[in-house]
Structures are given as C-alpha cells and as structure tokens.
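Enquirer: The structure is given below, and queries will be raised subsequently.
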Amino acid sequence: MVDPDASAPGTAADPDDGLAWTTTGSELDYTCPGFDVRRDDVVLPDGTETDFHYVDEPPAVVVLPFTDDGDVVVIEEWRQAVGRVNRGLPAGTAEPDDEDLDAVARRELREETGHEAASVRHLFSAEPANGLLDSVHHYYLARGCTASAEQELDFNESIRVDTIDYDDLLAAALDGELRDGRTVLALTRYELAARWERS
C-alpha cells in the first residue's frame with residue numbers, strides 16, 4: 001500500500017507542541033464504500049478528555065491531463081451531495097494493494113476517461129479539508145493524453161468525458177463557474193508553478 005503521506009512533508013505530529021492533542025483510543029463508528037467515519041478519544045492540551053469524529057479516507061490522485069493539442073481532458077459527473085452535474089478533473093482513490101501512485105494516476109485517468117497518458121508527473125500533495133477528514137490528495141500532470149481505451153466506471157459513477165481549451169478552463173475557475181475544489185486547486189497551483197519557473 002502506498003504511504004498516503006509519502007510526499008506530504010511536515011505531517012508528523014510533534015508531541016512537544018503545546019497545541020498537540022493526545023489520542024488515547026480510536027474506533028470506526030461507521031463504514032461504507034469509499035470512506036469510514038472514525039472516532040478518536042483525545043486529551044486536549046488543557047487536560048479535557050473528549051472525542052473527535054472525522055472521515056477516514058484512503059489516499060487519492062487528481063490528474064490534470066493535457067492532450068497533444070494543449071486541451072484538458074475533463075469529466076462531467078453527477079454529484080449527489082450537491083445535487084448537480086460537476087465539471088472537473090479525473091480523480092480516484094488508491095486501493096489497499098496499490099504500491100505506486102503514478103500507476104494509480106494512469107489507471108484513474110484511463111478508467112474515468114478512456115484516455116492514456118504518454119507521461120505522468122507528480123505535481124504536489126494537499127490535505128483538502130483536514131478539519132473534517134484525513135485524506136491526502138496527490139496531484140499529477142499527465143501529458144500526451146489520447147483516447148485509446150474504454151471507460152471502466154464503478155457502479156456508482158455517472159461520467160461524461162469532454163476536452164476543453166486550457167485557458168477556457170482556467171477562466172471558468174477564476175470567474176466562479178467551475179466549482180470543483182480539486183480542479184480549482186490543480187489549475188491555480190499549476191499556474192503559480194509556471195509563473196514561478198518563469199521568474
């Protein structure tokens with residue numbers, strides 16, 4: 001299994017930090033396909049004993065896939081939690097026996113879009129909402145993506161595939177039309193990295 005924190009430096013807790021909580025026990029309260037809800041028994045810095053619930057998820061990949069023409073392969077997927085179709089980037093979670101996140105990125109791109117990449121490169125890792133869940137998202141840049149396979153969707157995935165001009169996708173993120181947080185983060189971080197490299 002891949003280490004979900006392998007490329008997320010600074011994740012180890014410092015027990016001497018005055019803000020650190022002490023975990024005295026941990027149990028799963030609820031489990032379902034995709035995630036668990038975990039309850040930790042904790043002692044706060046002032047000695048208060050309480051519990052803390054959070055979503056426990058496996059590591060995930062998010063892929064920013066470019067075609068040779070410079071377009072981005074995107075997906076449109078029904079999102080039940082917000083009750084609408086969401087436009088965003090292909091993404092998915094690692095399985096327990098996955099050893100290589102690069103391979104997970106290639107697999108999720110292929111399964112969700114039917115595209116295969118000539119190359120993939122890790123861009124960065126982020127904790128999307130670490131006040132509520134423990135997941136780490138590993139972002140990948142995929143180049144030379146071509147439609148060369150069939151989609152292999154999970155039973156609960158409803159996905160349509162499209163390509164869009166990169167600048168149009170970036171504009172949609174900047175004007176608020178694009179609501180998917182993972183996609184907005186991928187685009188803005190990619191833009192900032194490109195600007196940093198040019199300076």
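Lettering and numbering for the structure tokens are positional, with chains as A, B, ... in the shown order, residues counted from 1 in each chain, and ligands counted from 1 in the shown order.
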Just list as a count of residues only whatever in region 15-197 of chain A DSSP marks as strand (DSSP E or B).
Expert: 79
Enquirer: Considering only C-alpha atoms, return as a list of chain:residue names whatever protein or nucleic-acid residues lie within 10 Å of region 130-133 of chain A, sequence-local ones (same chain, fewer than 3 positions apart) excluded.
Expert: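 Contacts, in chain order: A:Phe35, A:Asp36, A:Val37, A:Arg38, A:Phe52, A:His53, A:Tyr54, A:Val55, A:Asp56, A:Glu57, A:Ala126, A:Glu127, A:Val136.
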Enquirer: Grab the CA of Pro45 (chain A) to CA of Glu27 (chain A) distance for me, in Å with one decimal place.
Expert: 21.5 Å
Enquirer: I'd like the contact shell of Gly114 (chain A) - 9 Å cut-off, only C-alpha atoms, skipping same-chain residues fewer than 6 positions apart - returned as a PyMOL selection string.
Expert: chain A and resi 146-152+161
Enquirer: Based on the selection just made, write N, CA and C atoms of those residues as a short mmCIF file (atom, residue, chain, number, x, y, z; two decimals), in the first residue's frame.
Expert:
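Saved to selection16.cif:
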data_model
loop_
_atom_site.label_atom_id
_atom_site.label_comp_id
_atom_site.auth_asym_id
_atom_site.auth_seq_id
_atom_site.Cartn_x
_atom_site.Cartn_y
_atom_site.Cartn_z
N THR A 146 -4.31 10.55 -25.01
CA THR A 146 -5.08 10.17 -26.20
C THR A 146 -6.18 9.21 -25.80
N ALA A 147 -7.31 9.31 -26.50
CA ALA A 147 -8.44 8.41 -26.25
C ALA A 147 -8.15 7.08 -26.91
N SER A 148 -7.71 6.12 -26.12
CA SER A 148 -7.28 4.83 -26.68
C SER A 148 -7.82 3.64 -25.92
N ALA A 149 -8.73 3.87 -24.99
CA ALA A 149 -9.27 2.77 -24.19
C ALA A 149 -10.76 3.04 -23.92
N GLU A 150 -11.42 2.05 -23.36
CA GLU A 150 -12.82 2.19 -22.97
C GLU A 150 -12.89 2.64 -21.51
N GLN A 151 -13.89 3.43 -21.17
CA GLN A 151 -14.13 3.75 -19.77
C GLN A 151 -14.43 2.47 -18.99
N GLU A 152 -13.98 2.43 -17.75
CA GLU A 152 -14.29 1.32 -16.84
C GLU A 152 -14.81 1.94 -15.55
N VAL A 161 -17.29 12.48 -20.69
CA VAL A 161 -15.92 12.96 -20.95
C VAL A 161 -15.96 14.07 -21.99
#
Enquirer: Which residue gives the smallest distance to Ala129 (chain A) among A:Gly176, A:Val104, A:Thr67, A:Gly181, with only C-alpha atoms counted?
Expert: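 Among the listed residues, A:Gly181 lies closest to Ala129 (chain A).
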Enquirer: Write out as a short mmCIF file (atom, residue, chain, number, x, y, z; two decimals) with all heavy atoms, in the first residue's frame the residues lying within 12 Å of Val43 (chain A), counting only C-alpha atoms and excluding same-chain residues fewer than 6 positions away.
Expert:
data_model
loop_
_atom_site.label_atom_id
_atom_site.label_comp_id
_atom_site.auth_asym_id
_atom_site.auth_seq_id
_atom_site.Cartn_x
_atom_site.Cartn_y
_atom_site.Cartn_z
N LEU A 19 0.13 22.72 21.30
CA LEU A 19 -1.21 22.59 20.74
C LEU A 19 -1.62 21.13 20.50
O LEU A 19 -2.78 20.86 20.17
CB LEU A 19 -1.30 23.34 19.40
CG LEU A 19 -1.11 24.85 19.44
CD1 LEU A 19 -1.16 25.42 18.03
CD2 LEU A 19 -2.17 25.50 20.32
N ALA A 20 -0.68 20.20 20.62
CA ALA A 20 -0.94 18.80 20.26
C ALA A 20 -1.96 18.14 21.18
O ALA A 20 -1.96 18.35 22.39
CB ALA A 20 0.37 18.01 20.28
N TRP A 21 -2.86 17.36 20.56
CA TRP A 21 -3.79 16.53 21.30
C TRP A 21 -3.17 15.14 21.47
O TRP A 21 -2.40 14.68 20.62
CB TRP A 21 -5.11 16.38 20.55
CG TRP A 21 -5.90 17.63 20.37
CD1 TRP A 21 -5.53 18.90 20.72
CD2 TRP A 21 -7.18 17.73 19.76
NE1 TRP A 21 -6.52 19.79 20.38
CE2 TRP A 21 -7.55 19.10 19.78
CE3 TRP A 21 -8.06 16.82 19.20
CZ2 TRP A 21 -8.74 19.56 19.26
CZ3 TRP A 21 -9.26 17.26 18.68
CH2 TRP A 21 -9.60 18.63 18.72
N THR A 22 -3.55 14.45 22.53
CA THR A 22 -3.10 13.08 22.76
C THR A 22 -4.27 12.13 22.45
O THR A 22 -5.36 12.29 23.00
CB THR A 22 -2.65 12.88 24.22
OG1 THR A 22 -1.59 13.79 24.50
CG2 THR A 22 -2.18 11.45 24.44
N THR A 23 -4.03 11.18 21.56
CA THR A 23 -5.06 10.20 21.22
C THR A 23 -4.91 8.99 22.14
O THR A 23 -3.86 8.37 22.18
CB THR A 23 -4.92 9.76 19.75
OG1 THR A 23 -5.00 10.91 18.91
CG2 THR A 23 -6.02 8.77 19.36
N THR A 24 -5.99 8.66 22.85
CA THR A 24 -5.94 7.54 23.80
C THR A 24 -6.69 6.31 23.30
O THR A 24 -6.58 5.24 23.88
CB THR A 24 -6.53 7.97 25.16
OG1 THR A 24 -7.88 8.41 24.97
CG2 THR A 24 -5.69 9.10 25.76
N GLY A 25 -7.45 6.47 22.22
CA GLY A 25 -8.19 5.35 21.65
C GLY A 25 -8.79 5.76 20.32
O GLY A 25 -8.92 6.95 20.02
N GLU A 49 -10.83 15.68 28.47
CA GLU A 49 -11.00 14.44 27.73
C GLU A 49 -12.29 14.52 26.92
O GLU A 49 -13.35 14.85 27.46
CB GLU A 49 -11.04 13.25 28.68
CG GLU A 49 -9.75 13.04 29.45
CD GLU A 49 -9.79 11.82 30.35
OE1 GLU A 49 -10.75 11.02 30.24
OE2 GLU A 49 -8.86 11.67 31.17
N THR A 50 -12.20 14.22 25.63
CA THR A 50 -13.36 14.30 24.75
C THR A 50 -13.17 13.34 23.59
O THR A 50 -12.25 12.51 23.60
CB THR A 50 -13.58 15.76 24.27
OG1 THR A 50 -14.81 15.84 23.55
CG2 THR A 50 -12.44 16.23 23.40
N ASP A 51 -14.06 13.43 22.60
CA ASP A 51 -13.87 12.62 21.40
C ASP A 51 -13.94 13.51 20.16
O ASP A 51 -14.40 14.65 20.23
CB ASP A 51 -14.88 11.46 21.31
CG ASP A 51 -16.32 11.94 21.35
OD1 ASP A 51 -16.59 13.13 21.10
OD2 ASP A 51 -17.20 11.11 21.65
N PHE A 52 -13.44 12.97 19.06
CA PHE A 52 -13.40 13.72 17.81
C PHE A 52 -13.71 12.77 16.67
O PHE A 52 -13.09 11.72 16.54
CB PHE A 52 -12.02 14.36 17.60
CG PHE A 52 -11.93 15.19 16.35
CD1 PHE A 52 -12.43 16.48 16.33
CD2 PHE A 52 -11.37 14.67 15.19
CE1 PHE A 52 -12.36 17.25 15.18
CE2 PHE A 52 -11.31 15.42 14.03
CZ PHE A 52 -11.79 16.72 14.02
#
Enquirer: What is the CA of Cys32 (chain A)-CA of Glu112 (chain A) distance in Å, reported with one decimal?
Expert: 21.3 Å
Enquirer: Looking only at helix (DSSP H, G or I) from DSSP on the backbone, list the matching residues of region 33-133 of chain A as an mmCIF file with all heavy atoms, in the first residue's frame.
Expert:
data_model
loop_
_atom_site.group_PDB
_atom_site.id
_atom_site.type_symbol
_atom_site.label_atom_id
_atom_site.label_comp_id
_atom_site.auth_asym_id
_atom_site.auth_seq_id
_atom_site.Cartn_x
_atom_site.Cartn_y
_atom_site.Cartn_z
ATOM 1 N N LEU A 101 1.765 5.406 -6.824
ATOM 2 C CA LEU A 101 0.747 6.416 -7.106
ATOM 3 C C LEU A 101 0.769 6.871 -8.559
ATOM 4 O O LEU A 101 -0.258 7.275 -9.095
ATOM 5 C CB LEU A 101 0.912 7.610 -6.173
ATOM 6 C CG LEU A 101 0.392 7.418 -4.753
ATOM 7 C CD1 LEU A 101 0.749 8.609 -3.881
ATOM 8 C CD2 LEU A 101 -1.106 7.188 -4.735
ATOM 9 N N ASP A 102 1.938 6.820 -9.213
ATOM 10 C CA ASP A 102 1.986 7.134 -10.646
ATOM 11 C C ASP A 102 1.059 6.181 -11.414
ATOM 12 O O ASP A 102 0.316 6.600 -12.300
ATOM 13 C CB ASP A 102 3.406 6.996 -11.200
ATOM 14 C CG ASP A 102 4.356 8.073 -10.691
ATOM 15 O OD1 ASP A 102 4.030 8.756 -9.699
ATOM 16 O OD2 ASP A 102 5.442 8.230 -11.286
ATOM 17 N N ALA A 103 1.112 4.908 -11.051
ATOM 18 C CA ALA A 103 0.262 3.911 -11.706
ATOM 19 C C ALA A 103 -1.215 4.153 -11.378
ATOM 20 O O ALA A 103 -2.084 3.942 -12.240
ATOM 21 C CB ALA A 103 0.681 2.499 -11.279
ATOM 22 N N VAL A 104 -1.500 4.592 -10.159
ATOM 23 C CA VAL A 104 -2.881 4.904 -9.787
ATOM 24 C C VAL A 104 -3.397 6.064 -10.635
ATOM 25 O O VAL A 104 -4.525 6.040 -11.122
ATOM 26 C CB VAL A 104 -2.986 5.236 -8.282
ATOM 27 C CG1 VAL A 104 -4.408 5.662 -7.914
ATOM 28 C CG2 VAL A 104 -2.564 4.040 -7.435
ATOM 29 N N ALA A 105 -2.566 7.082 -10.845
ATOM 30 C CA ALA A 105 -2.964 8.227 -11.669
ATOM 31 C C ALA A 105 -3.271 7.776 -13.092
ATOM 32 O O ALA A 105 -4.281 8.182 -13.687
ATOM 33 C CB ALA A 105 -1.865 9.287 -11.662
ATOM 34 N N ARG A 106 -2.422 6.925 -13.654
ATOM 35 C CA ARG A 106 -2.663 6.403 -15.009
ATOM 36 C C ARG A 106 -3.959 5.594 -15.058
ATOM 37 O O ARG A 106 -4.748 5.712 -15.999
ATOM 38 C CB ARG A 106 -1.491 5.538 -15.457
ATOM 39 C CG ARG A 106 -0.233 6.314 -15.796
ATOM 40 C CD ARG A 106 0.880 5.365 -16.254
ATOM 41 N NE ARG A 106 2.084 6.061 -16.606
ATOM 42 C CZ ARG A 106 2.315 6.642 -17.786
ATOM 43 N NH1 ARG A 106 1.388 6.600 -18.725
ATOM 44 N NH2 ARG A 106 3.464 7.255 -18.023
ATOM 45 N N ARG A 107 -4.174 4.766 -14.041
ATOM 46 C CA ARG A 107 -5.368 3.919 -14.014
ATOM 47 C C ARG A 107 -6.642 4.744 -13.925
ATOM 48 O O ARG A 107 -7.608 4.509 -14.655
ATOM 49 C CB ARG A 107 -5.290 2.962 -12.819
ATOM 50 C CG ARG A 107 -6.510 2.029 -12.703
ATOM 51 C CD ARG A 107 -6.458 1.204 -11.437
ATOM 52 N NE ARG A 107 -6.706 2.005 -10.256
ATOM 53 C CZ ARG A 107 -6.111 1.805 -9.083
ATOM 54 N NH1 ARG A 107 -5.217 0.850 -8.937
ATOM 55 N NH2 ARG A 107 -6.397 2.575 -8.058
ATOM 56 N N GLU A 108 -6.666 5.723 -13.014
ATOM 57 C CA GLU A 108 -7.869 6.530 -12.845
ATOM 58 C C GLU A 108 -8.167 7.351 -14.090
ATOM 59 O O GLU A 108 -9.333 7.504 -14.471
ATOM 60 C CB GLU A 108 -7.744 7.424 -11.608
ATOM 61 C CG GLU A 108 -7.722 6.657 -10.303
ATOM 62 C CD GLU A 108 -8.966 5.812 -10.079
ATOM 63 O OE1 GLU A 108 -10.070 6.250 -10.446
ATOM 64 O OE2 GLU A 108 -8.844 4.705 -9.529
ATOM 65 N N LEU A 109 -7.134 7.868 -14.741
ATOM 66 C CA LEU A 109 -7.332 8.595 -15.996
ATOM 67 C C LEU A 109 -7.956 7.677 -17.044
ATOM 68 O O LEU A 109 -8.930 8.053 -17.713
ATOM 69 C CB LEU A 109 -5.985 9.139 -16.502
ATOM 70 C CG LEU A 109 -5.999 9.810 -17.872
ATOM 71 C CD1 LEU A 109 -6.850 11.066 -17.860
ATOM 72 C CD2 LEU A 109 -4.573 10.113 -18.329
ATOM 73 N N ARG A 110 -7.415 6.473 -17.158
ATOM 74 C CA ARG A 110 -7.927 5.522 -18.157
ATOM 75 C C ARG A 110 -9.350 5.079 -17.832
ATOM 76 O O ARG A 110 -10.226 5.070 -18.700
ATOM 77 C CB ARG A 110 -6.998 4.304 -18.231
ATOM 78 C CG ARG A 110 -7.390 3.283 -19.309
ATOM 79 C CD ARG A 110 -6.482 2.067 -19.292
ATOM 80 N NE ARG A 110 -6.641 1.304 -18.057
ATOM 81 C CZ ARG A 110 -5.749 1.252 -17.074
ATOM 82 N NH1 ARG A 110 -4.630 1.928 -17.139
ATOM 83 N NH2 ARG A 110 -5.982 0.520 -15.993
ATOM 84 N N GLU A 111 -9.606 4.713 -16.573
ATOM 85 C CA GLU A 111 -10.916 4.192 -16.207
ATOM 86 C C GLU A 111 -12.015 5.254 -16.331
ATOM 87 O O GLU A 111 -13.112 4.954 -16.775
ATOM 88 C CB GLU A 111 -10.874 3.646 -14.776
ATOM 89 C CG GLU A 111 -10.089 2.356 -14.644
ATOM 90 C CD GLU A 111 -10.093 1.804 -13.237
ATOM 91 O OE1 GLU A 111 -10.604 2.472 -12.311
ATOM 92 O OE2 GLU A 111 -9.571 0.687 -13.054
ATOM 93 N N GLU A 112 -11.721 6.477 -15.933
ATOM 94 C CA GLU A 112 -12.764 7.510 -15.942
ATOM 95 C C GLU A 112 -12.952 8.166 -17.304
ATOM 96 O O GLU A 112 -14.050 8.633 -17.602
ATOM 97 C CB GLU A 112 -12.462 8.572 -14.880
ATOM 98 C CG GLU A 112 -12.596 8.044 -13.472
ATOM 99 C CD GLU A 112 -12.722 9.139 -12.429
ATOM 100 O OE1 GLU A 112 -12.555 10.326 -12.771
ATOM 101 O OE2 GLU A 112 -12.991 8.796 -11.265
ATOM 102 N N THR A 113 -11.881 8.228 -18.121
ATOM 103 C CA THR A 113 -11.976 8.989 -19.374
ATOM 104 C C THR A 113 -11.715 8.168 -20.628
ATOM 105 O O THR A 113 -11.993 8.646 -21.730
ATOM 106 C CB THR A 113 -10.984 10.171 -19.378
ATOM 107 O OG1 THR A 113 -9.642 9.671 -19.522
ATOM 108 C CG2 THR A 113 -11.101 10.997 -18.110
#
Enquirer: Separation of CA of Asp134 (chain A) and CA of Pro90 (chain A), in Å?
Expert: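 Rounded to one decimal, the two atoms are 20.4 Å apart.
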